[in-house]
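*Asks:* Here it is, the structure, as structure tokens.
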Amino acid sequence: MKNDYLKTGILKLSDIDVPPIERRRTGRVVMIECIQNIPCNPCTTICPQGAITIEGDITNIPHADFNKCNGCGLCIANCPGLAIFSVNESLEDDIAEVGIPYEFSPLPEKGEHVTVFDRSGKEICDGIVTSVRNPGSFDKTAIIYFHVPIEFSLNARFIKRKTN
Amino acid sequence: MRLRKHPILEFTPKKEIQFTFDGKRINAYEGDTVAAALHAAGIRTLSHSLKLHHPRGLFCAIGKCSSCLMEVDGCPNVKTCLIPARDGMTVKSQDGWGKFPAVITERDYKRKEIPTLETDIAIVGAGPAGLSAAIYAARLGARVLVMDENHLVGGQLIKQTHMFFGSKDHYAKTRGVNIGKLLRDQCNELGIEILTESSVIGYYHPHQLAMIHKKQLKRVNAQKVIVATGASENMLSFPGNDLPGVYGAGAIQTLMNVYGVKPADKVLMVGAGNIGVIVSYQLLQAGVEVSAVVEALPTIGAYQVHASKLVRCGVDILTSHTIVKAYGDESVEGATIAKLDDKWNIVEGTQRDISVDTICLSVGLNPASEILDQAGCQMVYIPELGGQVAKVDDNMETTISGVYVAGDVSGIEEASSAMLEGRMAGVAAVENMNGSSKQITEIKHEIRDGLNALRTGPFGEKTRTGLKKMTEVAQ
């Protein structure tokens, strides 16, 4: 059904502007999962590449130019809706790297094995944390980068530590 | 139980104090309210009802309801969610009306001199709207006095740990709790006087307020008055809704994010608007389990981004579902929920019990507009704005000249619009007092543009409809 997310809160890939596979294979690139008319624009003002734009009214939907985006991740930590992620399919061995905003304590550590969930909160696979970015300028919204099997590259959206 | 680790907030150790509750010793921290300290000690039943002596607990935690009345140092009917715990206090649970122990003597009746405070602009409420009004009025040279019944300044901003939407001018991507700090700092720099623990109890024409400041009656003489009293949380009707453990979602947010008290182990959230969904996420951040969010409407009211960030953590939002009842003896032990058909009837056979210790209600807000009604402002009932509001013009001025409103009391919206309305009321009040200027016209123009921008799009429709109704009401 169209607009299922209004009943469940779960977006489908068809609701989202997904970067093309050619671009994903060249390195990190963003996926913006913000599809309603919210009065909000920090993603456009923070992007050093000018890759994210909102045309006209502030309530319009943001769009990313995937060729201008260099995957720096500033928008991930600065999105008030925690609705921006990154994907990178340039790695070898059928592994992809996913970047997500993360606001739970304690943060996972580099090298840690974590459980990975999709948009519906369903457990989909295990992942390995490759980087944790949490500088003061991110104001406590950390970015966690982790590796997953490539088939989960577009659907891995949350992680839980295996021990707390 | 206290929160120790939190991803956003830091709860630094404070000075320990002690008071007694029904003779038992309670350890608390300086800065706790009595109700928060009792919750931290695991005590949820604060009083018993007047007739049936049912247990009563906290509901709103911000002084808007009467669910937390207790006897404090011999004085009955004290809102324990408002008053700070103090070392050596004697707190007793209250059964029924409460009694004044002291015999009132003739001497107590003797008329005392009422201290009078003079100011240009008196502002009722130190939340985002009131503080913004104060800052903008003070910048234009007005003498401002802000009053708030809470002991902390910032209204509901002090518990908002999420980043705000908007643009740079509206503090976008700043957490509400930090916006509160920014506004407080600006007030300090401008030398604005803010009186906390101060309840405004009446308006007297023209522009006089009666206020209880720390147990003492005071008079405030002002040139202009701005009312920014915010809103209260709606109750929902279901069996068991009066059990301790049924809270307004905002109350839970206050306990956990302001006082660092772990408010529950397992929660059912009722209502999938922005507040319900955001508070559910904040509960997870505080290490509390959220069983589900039920929403009677067929669709989620919250922004998709807020709903999505909760659902991917594993919390289901059940639309077309309602709470049937809460059960438990002294406190909530569980809830029955059920599916609704498209005519709002329960679908037979879908009832199921879920074991939770807390039920959070997030079913809308209601403007706290009593003082405006008492003052004699023309009131209108506009459902899109949340209920009874004062009729206002473009300047946020009511039908009483020199009395302004701003924020949720003028119609339920978000803190971003509350801040802009506050700026408008502050500037317009100074304009009314000292006359207009090119600068004032420009500022007002800018504020109006900002408000219009926030209210564009489908999510602004309710407010736009409400405000249109307002202009259609005859004066």
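Naming scheme: A, B, ... for chains in displayed order of the structure tokens; residues 1 onward per chain; ligands 1 onward as shown.
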Would you write out, as a tab-separated table, a table of all residues in region 55-119 of chain A that have an atom no more than 10 Å from an atom of region 270-287 of chain B, listing for each the closest atom pair and the distance in Å to one decimal, considering only C-alpha atoms and ordering rows by chain and rising residue number?

*Replies:*
residue	atom	partner	partner_atom	distance
A:Glu103	CA	B:Gln285	CA	7.4
A:Phe104	CA	B:Gln285	CA	5.7
A:Ser105	CA	B:Gln285	CA	7.4

*Asks:* Specify as a ChimeraX atom specification all residues of chain B found within 9 Å of chain A, counting only C-alpha atoms.

*Replies:* /B:5-8,162-168,172-175,284-287,298-301,303-320,453-459

*Asks:* Would you please extract all alpha helix (DSSP H) residues from region 249-342 of chain B, as assigned by DSSP on the backbone, and give them as number ranges by chain?

*Replies:* B: 249-253, 274-285, 304-311

*Asks:* Go ahead and save the residues from that selection, with C-alpha atoms, as a PDB file, in the first residue's frame.

*Replies:*
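File again_10.pdb, as written:
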ATOM      1  CA  ALA B 249       4.019  11.885  28.812  1.00  0.00           C
ATOM      2  CA  GLY B 250       5.447  15.260  29.786  1.00  0.00           C
ATOM      3  CA  ALA B 251       5.549  14.234  33.435  1.00  0.00           C
ATOM      4  CA  ILE B 252       7.666  11.224  32.596  1.00  0.00           C
ATOM      5  CA  GLN B 253       9.954  13.479  30.585  1.00  0.00           C
ATOM      6  CA  ASN B 274       5.175  13.954  18.172  1.00  0.00           C
ATOM      7  CA  ILE B 275       5.241  14.044  21.974  1.00  0.00           C
ATOM      8  CA  GLY B 276       4.285  10.375  22.356  1.00  0.00           C
ATOM      9  CA  VAL B 277       6.854   9.194  19.877  1.00  0.00           C
ATOM     10  CA  ILE B 278       9.646  11.499  21.052  1.00  0.00           C
ATOM     11  CA  VAL B 279       9.104  10.617  24.725  1.00  0.00           C
ATOM     12  CA  SER B 280       9.095   6.901  23.829  1.00  0.00           C
ATOM     13  CA  TYR B 281      12.492   7.327  22.198  1.00  0.00           C
ATOM     14  CA  GLN B 282      13.757   9.265  25.216  1.00  0.00           C
ATOM     15  CA  LEU B 283      12.562   6.453  27.477  1.00  0.00           C
ATOM     16  CA  LEU B 284      14.727   4.031  25.474  1.00  0.00           C
ATOM     17  CA  GLN B 285      17.640   6.444  25.856  1.00  0.00           C
ATOM     18  CA  GLN B 304       7.745  10.334   9.986  1.00  0.00           C
ATOM     19  CA  VAL B 305      11.369  10.917  11.013  1.00  0.00           C
ATOM     20  CA  HIS B 306      10.462  10.743  14.718  1.00  0.00           C
ATOM     21  CA  ALA B 307       8.300   7.647  14.183  1.00  0.00           C
ATOM     22  CA  SER B 308      10.986   5.946  12.075  1.00  0.00           C
ATOM     23  CA  LYS B 309      13.750   6.479  14.641  1.00  0.00           C
ATOM     24  CA  LEU B 310      11.598   4.795  17.291  1.00  0.00           C
ATOM     25  CA  VAL B 311      10.359   1.893  15.175  1.00  0.00           C
TER      26      VAL B 311
END

*Asks:* Quick one: pull the distance between CA of His147 (chain A) and CA of Lys12 (chain A), Å, one decimal.

*Replies:* 21.5 Å

*Asks:* Can you pull out every residue within 9 Å of Ala51 (chain A), counting only C-alpha atoms, but drop anything in the same chain fewer than 5 positions away, and send it as number ranges by chain?

*Replies:* A: 44, 63-70

*Asks:* Based on the selection just made, write C-alpha atoms of those residues as a compact mmCIF listing (two decimals), in the first residue's frame.

*Replies:*
# COMPACT_ATOMS: atom_id res chain seq x y z
CA THR A 44 21.45 22.16 3.65
CA HIS A 63 17.39 16.48 -2.08
CA ALA A 64 20.97 15.24 -2.29
CA ASP A 65 23.11 15.54 -5.39
CA PHE A 66 24.91 12.17 -5.11
CA ASN A 67 27.74 13.32 -7.35
CA LYS A 68 28.48 16.38 -5.24
CA CYS A 69 28.19 14.41 -1.96
CA ASN A 70 31.56 13.12 -0.73

*Asks:* So how far away is CA of Arg423 (chain B) from CA of Gly407 (chain B), in Å?

*Replies:*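 CA of Arg423 (chain B) lies at a distance of 10.1 Å from CA of Gly407 (chain B).
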
*Asks:* What is the distance, in Å and to one decimal place, between CA of Gly260 (chain B) and CA of Arg4 (chain B)?

*Replies:*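 These atoms are spaced 7.8 Å apart.
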
*Asks:* For Glu330 (chain B), find every residue with an atom within 8 Å (counting only C-alpha atoms), except residues of its own chain fewer than 2 positions away, and show them as a JSON list (two decimals) with N, CA and C atoms, in the first residue's frame.

*Replies:*
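The resulting file, selection-v8.json, is shown below:
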[["chain", "number", "residue", "atom", "x", "y", "z"],
["B", 45, "THR", "N", 2.56, 6.65, 45.29],
["B", 45, "THR", "CA", 1.27, 7.07, 45.84],
["B", 45, "THR", "C", 1.50, 8.26, 46.75],
["B", 55, "PRO", "N", -5.88, 5.45, 45.67],
["B", 55, "PRO", "CA", -4.54, 6.03, 45.66],
["B", 55, "PRO", "C", -4.36, 7.01, 44.50],
["B", 243, "LEU", "N", -5.09, 5.44, 38.48],
["B", 243, "LEU", "CA", -4.09, 4.69, 39.26],
["B", 243, "LEU", "C", -2.73, 5.41, 39.23],
["B", 244, "PRO", "N", -2.02, 5.41, 40.34],
["B", 244, "PRO", "CA", -0.64, 5.87, 40.27],
["B", 244, "PRO", "C", 0.11, 5.02, 39.23],
["B", 328, "GLY", "N", -4.47, -2.94, 38.23],
["B", 328, "GLY", "CA", -3.48, -2.92, 39.31],
["B", 328, "GLY", "C", -4.16, -2.52, 40.59],
["B", 332, "VAL", "N", -0.19, 0.87, 38.73],
["B", 332, "VAL", "CA", -0.39, 0.17, 37.46],
["B", 332, "VAL", "C", 0.40, -1.14, 37.41]]

*Asks:* Kindly indicate which residue among B:Glu414, B:Asp148, B:Asp353, B:Glu431 lies nearest to Ile62 (chain B), using only C-alpha atoms for the distances.

*Replies:*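 The closest residue to Ile62 (chain B) is B:Asp148.
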
*Asks:* Name the residues in contact with Cys47 (chain A) at a cut-off of 9 Å, using only C-alpha atoms, excluding same-chain residues fewer than 6 positions from it; report them as a PyMOL selection string.

*Replies:* chain A and resi 69+72-75

*Asks:* Kindly export the residues of the current selection with C-alpha atoms, as an mmCIF file, in the first residue's frame.

*Replies:*
data_model
loop_
_atom_site.group_PDB
_atom_site.id
_atom_site.type_symbol
_atom_site.label_atom_id
_atom_site.label_comp_id
_atom_site.auth_asym_id
_atom_site.auth_seq_id
_atom_site.Cartn_x
_atom_site.Cartn_y
_atom_site.Cartn_z
ATOM 1 C CA CYS A 69 28.189 14.410 -1.963
ATOM 2 C CA CYS A 72 31.662 13.410 4.851
ATOM 3 C CA GLY A 73 28.800 12.637 7.247
ATOM 4 C CA LEU A 74 28.246 16.104 8.735
ATOM 5 C CA CYS A 75 24.570 15.973 7.741
#

*Asks:* Report as number ranges by chain all protein, DNA and RNA residues lying within 8 Å of region 200-207 of chain B, evaluated on only C-alpha atoms, omitting residues in the same chain fewer than 4 positions from it.

*Replies:* B: 124, 147-149, 211-212, 221-225, 371, 374-375, 402-403

*Asks:* Any idea what's packed within 12 Å of Val87 (chain A), counting only C-alpha atoms, ignoring anything in its chain fewer than 2 positions away? Could you give it as a ChimeraX atom specification?

*Replies:* /A:18-21,23-32,66,69-73,76,84-85,89-91,95-100,144-148,150-157

*Asks:* Take the selection from the previous step and output its residues with N, CA and C atoms, as a compact mmCIF listing (two decimals), in the first residue's frame.

*Replies:*
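And here is the file that came out, out_21.txt:
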# COMPACT_ATOMS: atom_id res chain seq x y z
N VAL A 18 17.27 6.61 -3.44
CA VAL A 18 18.43 5.75 -3.20
C VAL A 18 19.54 6.11 -4.18
N PRO A 19 20.78 6.32 -3.71
CA PRO A 19 21.86 6.61 -4.65
C PRO A 19 22.08 5.43 -5.60
N PRO A 20 22.34 5.70 -6.86
CA PRO A 20 22.50 4.60 -7.82
C PRO A 20 23.71 3.73 -7.49
N ILE A 21 23.66 2.49 -7.92
CA ILE A 21 24.70 1.52 -7.57
C ILE A 21 26.09 1.96 -8.03
N ARG A 23 27.28 4.93 -8.14
CA ARG A 23 27.78 5.90 -7.16
C ARG A 23 28.15 5.20 -5.85
N ARG A 24 27.33 4.25 -5.42
CA ARG A 24 27.60 3.55 -4.15
C ARG A 24 28.92 2.81 -4.22
N ARG A 25 29.29 2.35 -5.43
CA ARG A 25 30.53 1.58 -5.60
C ARG A 25 31.76 2.45 -5.57
N THR A 26 31.57 3.79 -5.61
CA THR A 26 32.76 4.66 -5.60
C THR A 26 33.09 5.15 -4.19
N GLY A 27 32.24 4.87 -3.19
CA GLY A 27 32.56 5.28 -1.83
C GLY A 27 31.34 5.80 -1.10
N ARG A 28 31.59 6.32 0.12
CA ARG A 28 30.47 6.78 0.96
C ARG A 28 29.59 7.80 0.26
N VAL A 29 28.28 7.62 0.43
CA VAL A 29 27.30 8.58 -0.10
C VAL A 29 26.06 8.54 0.80
N VAL A 30 25.35 9.69 0.88
CA VAL A 30 24.23 9.77 1.83
C VAL A 30 22.94 9.21 1.26
N MET A 31 22.08 8.78 2.20
CA MET A 31 20.68 8.47 1.90
C MET A 31 19.84 9.29 2.87
N ILE A 32 19.02 10.17 2.30
CA ILE A 32 18.19 11.03 3.15
C ILE A 32 16.80 10.40 3.26
N PHE A 66 24.00 13.26 -5.50
CA PHE A 66 24.91 12.17 -5.11
C PHE A 66 26.31 12.34 -5.70
N CYS A 69 27.99 14.94 -3.32
CA CYS A 69 28.19 14.41 -1.96
C CYS A 69 29.48 13.59 -1.91
N ASN A 70 30.33 13.92 -0.89
CA ASN A 70 31.56 13.12 -0.73
C ASN A 70 31.48 12.22 0.50
N GLY A 71 30.26 12.10 1.06
CA GLY A 71 30.08 11.18 2.18
C GLY A 71 30.72 11.63 3.48
N CYS A 72 30.94 12.94 3.66
CA CYS A 72 31.66 13.41 4.85
C CYS A 72 30.90 13.12 6.14
N GLY A 73 29.58 13.05 6.08
CA GLY A 73 28.80 12.64 7.25
C GLY A 73 28.32 13.76 8.15
N ILE A 76 24.67 13.75 8.74
CA ILE A 76 24.15 12.64 9.56
C ILE A 76 24.05 13.08 11.01
N ILE A 84 19.29 10.77 8.31
CA ILE A 84 20.26 10.66 7.23
C ILE A 84 21.28 9.56 7.56
N PHE A 85 21.59 8.76 6.56
CA PHE A 85 22.48 7.60 6.71
C PHE A 85 23.48 7.63 5.57
N GLU A 89 29.64 0.98 -0.93
CA GLU A 89 29.77 -0.38 -1.49
C GLU A 89 31.06 -0.51 -2.31
N SER A 90 32.07 0.29 -1.93
CA SER A 90 33.33 0.24 -2.68
C SER A 90 34.30 -0.79 -2.10
N LEU A 91 33.84 -1.50 -1.04
CA LEU A 91 34.76 -2.43 -0.36
C LEU A 91 34.77 -3.78 -1.06
N ILE A 95 31.26 -6.97 1.15
CA ILE A 95 31.01 -6.27 2.41
C ILE A 95 30.64 -4.82 2.07
N ALA A 96 29.67 -4.27 2.81
CA ALA A 96 29.35 -2.85 2.64
C ALA A 96 29.52 -2.15 3.98
N GLU A 97 29.77 -0.85 3.91
CA GLU A 97 29.86 -0.06 5.14
C GLU A 97 28.62 0.83 5.21
N VAL A 98 28.00 0.84 6.40
CA VAL A 98 26.83 1.69 6.62
C VAL A 98 27.16 2.67 7.74
N GLY A 99 26.67 3.89 7.61
CA GLY A 99 26.85 4.90 8.66
C GLY A 99 25.49 5.32 9.19
N ILE A 100 25.33 5.32 10.52
CA ILE A 100 24.04 5.71 11.11
C ILE A 100 24.25 6.70 12.25
N ILE A 144 28.04 6.03 13.84
CA ILE A 144 28.65 4.71 13.92
C ILE A 144 28.74 4.16 12.51
N TYR A 145 29.96 3.81 12.10
CA TYR A 145 30.15 3.12 10.82
C TYR A 145 30.37 1.64 11.13
N PHE A 146 29.71 0.78 10.36
CA PHE A 146 29.88 -0.66 10.60
C PHE A 146 29.77 -1.41 9.28
N HIS A 147 30.37 -2.59 9.25
CA HIS A 147 30.35 -3.44 8.07
C HIS A 147 29.21 -4.46 8.18
N VAL A 148 28.51 -4.65 7.06
CA VAL A 148 27.48 -5.69 6.98
C VAL A 148 27.66 -6.42 5.65
N ILE A 150 26.87 -7.31 1.98
CA ILE A 150 26.43 -6.27 1.05
C ILE A 150 24.93 -6.31 0.78
N GLU A 151 24.30 -7.47 0.95
CA GLU A 151 22.86 -7.51 0.67
C GLU A 151 22.03 -6.68 1.67
N PHE A 152 22.67 -6.31 2.79
CA PHE A 152 21.95 -5.50 3.79
C PHE A 152 22.33 -4.02 3.73
N SER A 153 23.09 -3.64 2.71
CA SER A 153 23.68 -2.30 2.69
C SER A 153 22.63 -1.19 2.70
N LEU A 154 21.46 -1.42 2.14
CA LEU A 154 20.46 -0.35 2.05
C LEU A 154 19.41 -0.45 3.15
N ASN A 155 19.50 -1.47 3.96
CA ASN A 155 18.45 -1.68 4.96
C ASN A 155 18.93 -1.73 6.41
N ALA A 156 20.23 -1.71 6.62
CA ALA A 156 20.75 -1.72 7.99
C ALA A 156 20.56 -0.32 8.58
N ARG A 157 19.74 -0.21 9.64
CA ARG A 157 19.40 1.13 10.14
C ARG A 157 19.60 1.32 11.64
